[in-house]
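Engineer: My questions all concern the structure below.
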Amino acid sequence: MKSRKSAGLSSRSCRDYLEHLQVHGIKLGLENIKALLADLGDPQESFPLIHVAGTNGKGSVSAMLASLLSRHGYRVGLYTSPHLVRVEERIRIGERLIIGTDFCRLLGVIRRRIGRLLKDGRLTAHPTYFEVVTAIALLYFRERGVDIAVLEVGMGGRFDATNVVTPIASVITSISRDHEEYLGKGLARIAREKAGIIKPWVPVVCGCEKGVARAVIERRARAVRAPFRRVFDRPGRFRAVKTSAGYQFHYNSGRGVYRFKPGLRGYHQGRNAAMAVAAAETIANVWKPLVPARIIAGIERARWPGRLEIVSRRPDVILDGCHNEEGARALARYIGDFVPGRPILVFAAACDKPVLRMATRLFPLARRVILTRFPSPRALDPAQMQRILPSFKAKTAIEPDPMKAVSLAMVEAGRRGTVVVAGSLFLVGEVKRCWRRLMR
């Protein structure tokens with residue numbers, strides 16, 4: 001019998017296989033992931049789960065939920081996407097990432113299963129990158145005996161690979177326009193896809209404001225008799241007090257009053273924290289008791305890289321992975337509230353993103369904008385971006401190399417200034433990957 005260590009792929013083979021999986025692109029549907037997990041003994045049925053979907057905020061809410069559950073002494077699995085620097089970031093227990101040897105070992109197991117399933121005709125096509133990594137996460141959580149796991153939806157909900165689970169609670173954070181080429185045009189269609197995670201009788205916590213998206217989600221919940229909870233159901237439940245050090249938030253859940261200052265920066269993170277509180281109360285009703293003081297401690301100590309993350313001082317360098325109009329609006333509010341003067345903005349975007357709407361939110365706040373790109377075929381060429389944004393041409397410069405762009409921005413900002421790097425999580429990931437080299 002092979003040892004655990006020898007059963008997996010080498011680090012190089014692991015990387016090569018993952019790169020090969022990228023050619024399968026994005027494929028929405030559940031047949032393949034169901035077949036693969038069934039062959040693995042359905043690991044997702046071995047522990048309770050919380051399933052988190054939404055356009056924006058789902059990663060932050062997932063991180064807060066994992067943090068507050070960990071504060072109660074539970075062994076908590078967390079699965080998120082995308083990663084910033086390395087794939088292991090997607091899978092963690094508590095604050096520890098899966099180690100590379102475990103990741104490669106489990107990838108080796110899954111690769112062999114895929115080969116056999118394809119040969120036997122039990123898979124209709126080769127699983128995608130996301131399906132394979134989802135299977136690794138669920139297998140790892142079962143192997144390590146987690147008490148509970150938090151799963152972030154990758155895209156949409158209804159046909160997302162994570163939607164094979166039956167959770168103890170579902171959370172839908174927000175609905176805005178993103179990935180419309182996959183999810184459909186307009187808020188109603190996007191909401192319908194996100195609402196696909198709602199399961200019969202499983203309680204739903206919804207952070208959407210009143211409107212078409214919330215109506216669609218609520219209608220789906222009624223159809224399957226899932227208890228539905230609105231986080232922001234009336235004025236006054238949630239309020240923020242701005243201080244020089246950030247926001248203090250107050251949330252009246254209807255069951256208690258919570259006061260907190262999240263470990264994550266920005267007004268929008270206060271709303272995310274309120275969603276985490278409401279979700280925690282819901283989890284406590286259907287699973288195990290949770291203590292308000294520990295809920296708050298978990299929210300205040302949660303960390304989530306690449307979201308208004310300050311990586312340097314003098315000048316301040318802020319990384320934010322906003323990649324759609326709602327994200328740009330949240331970043332713009334933070335700049336207006338807490339960034340003195342006008343920052344230098346380093347900006348890149350994927351070619352399928354609403355660049356004009358994002359630029360309209362962010363570019364007027366900047367003294368200078370340096371357009372760049374990240375190393376991916378999905379990246380929009382900065383020269384093309386400049387042509388899309390003729391009204392901003394006078395304040396934009398082009399530097400295709402992202403690290404040179406950041407370096408130029410830091411020089412222009414000066415020691416008392418601020419550099420904001422934004423527009424894509426892929427750009428943030430590339431800057432984080434190369435940051436030490438830049439600072440030598």
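So you can find residues: chains in the structure tokens are A, B, ... in the order shown, residues in each start at 1, and ligands are numbered from 1 in order.
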Tell me, as a ChimeraX atom specification, which residues lie within 9 Å of A:Ala195, counting only C-alpha atoms; anything in the same chain fewer than 5 positions away does not count.
Structural biologist: /A:53,156-158,172,190,216-218,220-221
Engineer: What are the closest atom pairs, with distances in Å to one decimal, for all residues of stretch 45-93 of chain A lying within 10 Å of stretch 421-440 of chain A? Consider only C-alpha atoms, order rows by chain and residue number, and present the result as a Markdown table.
Structural biologist:
```
| residue | atom | partner | partner_atom | distance |
| --- | --- | --- | --- | --- |
| A:Pro82 | CA | A:Leu425 | CA | 8.0 |
| A:His83 | CA | A:Gly429 | CA | 7.6 |
| A:Leu84 | CA | A:Gly429 | CA | 4.0 |
| A:Val85 | CA | A:Gly429 | CA | 5.3 |
| A:Arg86 | CA | A:Arg433 | CA | 8.8 |
```
Engineer: Please provide as a PyMOL selection string all residues within 6 Å of stretch 336-348 of chain A, with the sequence filter that same-chain residues fewer than 5 positions apart are discarded (counting only C-alpha atoms).
Structural biologist: chain A and resi 366-373+409+418-423
Engineer: Can I get the selected residues back with C-alpha atoms, as a short mmCIF file (atom, residue, chain, number, x, y, z; two decimals), in the first residue's frame?
Structural biologist:
```cif
data_model
loop_
_atom_site.label_atom_id
_atom_site.label_comp_id
_atom_site.auth_asym_id
_atom_site.auth_seq_id
_atom_site.Cartn_x
_atom_site.Cartn_y
_atom_site.Cartn_z
CA ALA A 366 -7.37 60.19 -8.36
CA ARG A 367 -4.67 62.73 -9.09
CA ARG A 368 -3.17 60.36 -11.66
CA VAL A 369 -4.20 56.98 -13.09
CA ILE A 370 -1.64 54.48 -14.34
CA LEU A 371 -3.25 51.88 -16.57
CA THR A 372 -1.64 48.46 -16.53
CA ARG A 373 -2.51 44.79 -16.98
CA ALA A 409 2.91 55.40 -8.63
CA THR A 418 -1.33 57.18 -1.20
CA VAL A 419 -1.28 54.60 -3.95
CA VAL A 420 -4.43 52.56 -4.63
CA VAL A 421 -4.09 49.38 -6.70
CA ALA A 422 -7.50 48.24 -7.93
CA GLY A 423 -9.71 46.93 -10.72
#
```
Engineer: Excluding same-chain residues fewer than 2 positions from stretch 126-141 of chain A, what lies within 8 Å of it counting only C-alpha atoms, as an MDAnalysis selection string?
Structural biologist: chainID A and resid 18 21:22 24:27 32:33 36:37 40 43:44 77 79 91 93 103 106:107 110 114 118 123:124 143:146 149 154 161:162
Engineer: Convert the current residue selection to file output with N, CA and C atoms, as an mmCIF file, in the first residue's frame.
Structural biologist:
```
data_model
loop_
_atom_site.group_PDB
_atom_site.id
_atom_site.type_symbol
_atom_site.label_atom_id
_atom_site.label_comp_id
_atom_site.auth_asym_id
_atom_site.auth_seq_id
_atom_site.Cartn_x
_atom_site.Cartn_y
_atom_site.Cartn_z
ATOM 1 N N LEU A 18 -2.825 21.360 -13.067
ATOM 2 C CA LEU A 18 -3.743 22.477 -12.841
ATOM 3 C C LEU A 18 -3.771 23.418 -14.037
ATOM 4 N N LEU A 21 -5.861 21.949 -16.659
ATOM 5 C CA LEU A 21 -7.294 22.050 -16.376
ATOM 6 C C LEU A 21 -7.877 23.385 -16.819
ATOM 7 N N GLN A 22 -7.032 24.416 -16.886
ATOM 8 C CA GLN A 22 -7.535 25.735 -17.279
ATOM 9 C C GLN A 22 -8.130 25.726 -18.678
ATOM 10 N N HIS A 24 -10.163 23.769 -19.891
ATOM 11 C CA HIS A 24 -11.569 23.379 -19.871
ATOM 12 C C HIS A 24 -12.475 24.567 -19.557
ATOM 13 N N GLY A 25 -11.886 25.709 -19.182
ATOM 14 C CA GLY A 25 -12.632 26.939 -18.977
ATOM 15 C C GLY A 25 -13.696 26.833 -17.904
ATOM 16 N N ILE A 26 -14.748 27.632 -18.068
ATOM 17 C CA ILE A 26 -15.870 27.660 -17.126
ATOM 18 C C ILE A 26 -17.013 26.848 -17.722
ATOM 19 N N LYS A 27 -17.519 25.898 -16.977
ATOM 20 C CA LYS A 27 -18.636 25.073 -17.440
ATOM 21 C C LYS A 27 -19.623 24.958 -16.287
ATOM 22 N N ASN A 32 -21.082 16.492 -13.644
ATOM 23 C CA ASN A 32 -19.722 15.989 -13.449
ATOM 24 C C ASN A 32 -19.291 15.998 -11.986
ATOM 25 N N ILE A 33 -19.552 17.106 -11.292
ATOM 26 C CA ILE A 33 -19.108 17.192 -9.897
ATOM 27 C C ILE A 33 -19.876 16.185 -9.042
ATOM 28 N N LEU A 36 -18.222 12.773 -9.699
ATOM 29 C CA LEU A 36 -16.898 12.699 -9.084
ATOM 30 C C LEU A 36 -17.012 12.537 -7.569
ATOM 31 N N LEU A 37 -17.867 13.349 -6.940
ATOM 32 C CA LEU A 37 -18.009 13.264 -5.485
ATOM 33 C C LEU A 37 -18.642 11.934 -5.059
ATOM 34 N N LEU A 40 -16.082 9.464 -4.757
ATOM 35 C CA LEU A 40 -15.233 9.726 -3.587
ATOM 36 C C LEU A 40 -15.963 9.476 -2.270
ATOM 37 N N PRO A 43 -18.043 13.227 0.151
ATOM 38 C CA PRO A 43 -17.479 13.821 1.368
ATOM 39 C C PRO A 43 -18.286 14.995 1.901
ATOM 40 N N GLN A 44 -19.036 15.685 1.042
ATOM 41 C CA GLN A 44 -19.813 16.849 1.474
ATOM 42 C C GLN A 44 -20.922 16.485 2.451
ATOM 43 N N GLY A 77 -13.727 24.487 8.399
ATOM 44 C CA GLY A 77 -13.189 24.501 7.044
ATOM 45 C C GLY A 77 -13.711 25.709 6.291
ATOM 46 N N TYR A 79 -13.722 27.321 2.287
ATOM 47 C CA TYR A 79 -13.401 27.173 0.863
ATOM 48 C C TYR A 79 -13.842 28.425 0.130
ATOM 49 N N ILE A 91 -8.318 26.826 0.320
ATOM 50 C CA ILE A 91 -8.739 25.761 1.235
ATOM 51 C C ILE A 91 -8.001 25.945 2.559
ATOM 52 N N ILE A 93 -8.308 25.409 7.127
ATOM 53 C CA ILE A 93 -9.003 25.025 8.353
ATOM 54 C C ILE A 93 -8.523 25.982 9.434
ATOM 55 N N PHE A 103 -2.324 19.011 -0.684
ATOM 56 C CA PHE A 103 -3.057 19.409 -1.891
ATOM 57 C C PHE A 103 -2.676 18.498 -3.058
ATOM 58 N N LEU A 106 -4.011 14.847 -2.642
ATOM 59 C CA LEU A 106 -5.433 14.712 -2.943
ATOM 60 C C LEU A 106 -5.706 14.943 -4.425
ATOM 61 N N LEU A 107 -4.948 15.845 -5.050
ATOM 62 C CA LEU A 107 -5.088 16.035 -6.487
ATOM 63 C C LEU A 107 -4.736 14.747 -7.229
ATOM 64 N N ILE A 110 -7.699 12.385 -6.957
ATOM 65 C CA ILE A 110 -8.813 12.808 -7.804
ATOM 66 C C ILE A 110 -8.483 12.620 -9.279
ATOM 67 N N ILE A 114 -10.752 10.506 -11.884
ATOM 68 C CA ILE A 114 -11.269 11.108 -13.120
ATOM 69 C C ILE A 114 -10.931 10.229 -14.318
ATOM 70 N N LEU A 118 -13.846 8.662 -16.622
ATOM 71 C CA LEU A 118 -13.915 8.965 -18.054
ATOM 72 C C LEU A 118 -13.885 7.678 -18.875
ATOM 73 N N LEU A 123 -18.338 9.994 -16.543
ATOM 74 C CA LEU A 123 -18.186 11.448 -16.686
ATOM 75 C C LEU A 123 -18.437 11.810 -18.134
ATOM 76 N N THR A 124 -19.232 12.839 -18.363
ATOM 77 C CA THR A 124 -19.536 13.256 -19.733
ATOM 78 C C THR A 124 -18.416 14.084 -20.341
ATOM 79 N N GLU A 143 -11.431 14.464 5.557
ATOM 80 C CA GLU A 143 -10.230 13.790 6.065
ATOM 81 C C GLU A 143 -9.784 14.387 7.388
ATOM 82 N N ARG A 144 -9.880 15.705 7.530
ATOM 83 C CA ARG A 144 -9.420 16.387 8.736
ATOM 84 C C ARG A 144 -10.500 16.507 9.804
ATOM 85 N N GLY A 145 -11.665 15.994 9.543
ATOM 86 C CA GLY A 145 -12.700 15.948 10.565
ATOM 87 C C GLY A 145 -13.190 17.302 11.024
ATOM 88 N N VAL A 146 -13.505 18.203 10.078
ATOM 89 C CA VAL A 146 -13.994 19.520 10.488
ATOM 90 C C VAL A 146 -15.350 19.388 11.177
ATOM 91 N N ALA A 149 -18.174 23.570 7.897
ATOM 92 C CA ALA A 149 -17.433 24.219 6.817
ATOM 93 C C ALA A 149 -18.257 25.343 6.214
ATOM 94 N N GLY A 154 -18.597 29.911 -6.335
ATOM 95 C CA GLY A 154 -17.649 30.491 -7.291
ATOM 96 C C GLY A 154 -18.318 31.520 -8.185
ATOM 97 N N ALA A 161 -20.387 24.555 -9.028
ATOM 98 C CA ALA A 161 -19.945 23.244 -8.544
ATOM 99 C C ALA A 161 -20.183 23.051 -7.052
ATOM 100 N N THR A 162 -20.231 24.133 -6.282
ATOM 101 C CA THR A 162 -20.478 23.993 -4.839
ATOM 102 C C THR A 162 -21.933 23.653 -4.535
#
```
Engineer: Running DSSP on the backbone, which parts of stretch 3-237 of chain A land in alpha helix (DSSP H), as a ChimeraX atom specification?
Structural biologist: /A:11-21,31-39,58-71,100-120,129-143,180-183,187-194,212-223
Engineer: Counting only C-alpha atoms, which residues of stretch 297-363 of chain A fall within 10 Å of stretch 271-287 of chain A, and what is the closest atom pair for each with its distance in Å at one decimal, ordered by chain and rising number, as a tab-separated table?
Structural biologist:
```
residue	atom	partner	partner_atom	distance
A:Gly298	CA	A:Ala276	CA	9.8
A:Ile299	CA	A:Ala273	CA	6.4
A:Glu300	CA	A:Ala273	CA	8.9
A:Ala302	CA	A:Ala273	CA	9.9
```
Engineer: Write out as a VMD selection string each polymer residue whose atoms come within 6 Å of A:Tyr251, counting only C-alpha atoms; drop sequence neighbours fewer than 3 positions from it.
Structural biologist: chain A and resid 237 to 238 257 to 258
Engineer: Please produce a file of those selected residues containing C-alpha atoms, as a compact mmCIF listing (two decimals), in the first residue's frame.
Structural biologist:
```txt
# COMPACT_ATOMS: atom_id res chain seq x y z
CA ARG A 237 -31.51 48.33 12.07
CA PHE A 238 -28.04 49.14 10.79
CA VAL A 257 -27.95 44.74 19.55
CA TYR A 258 -24.41 44.25 18.27
```
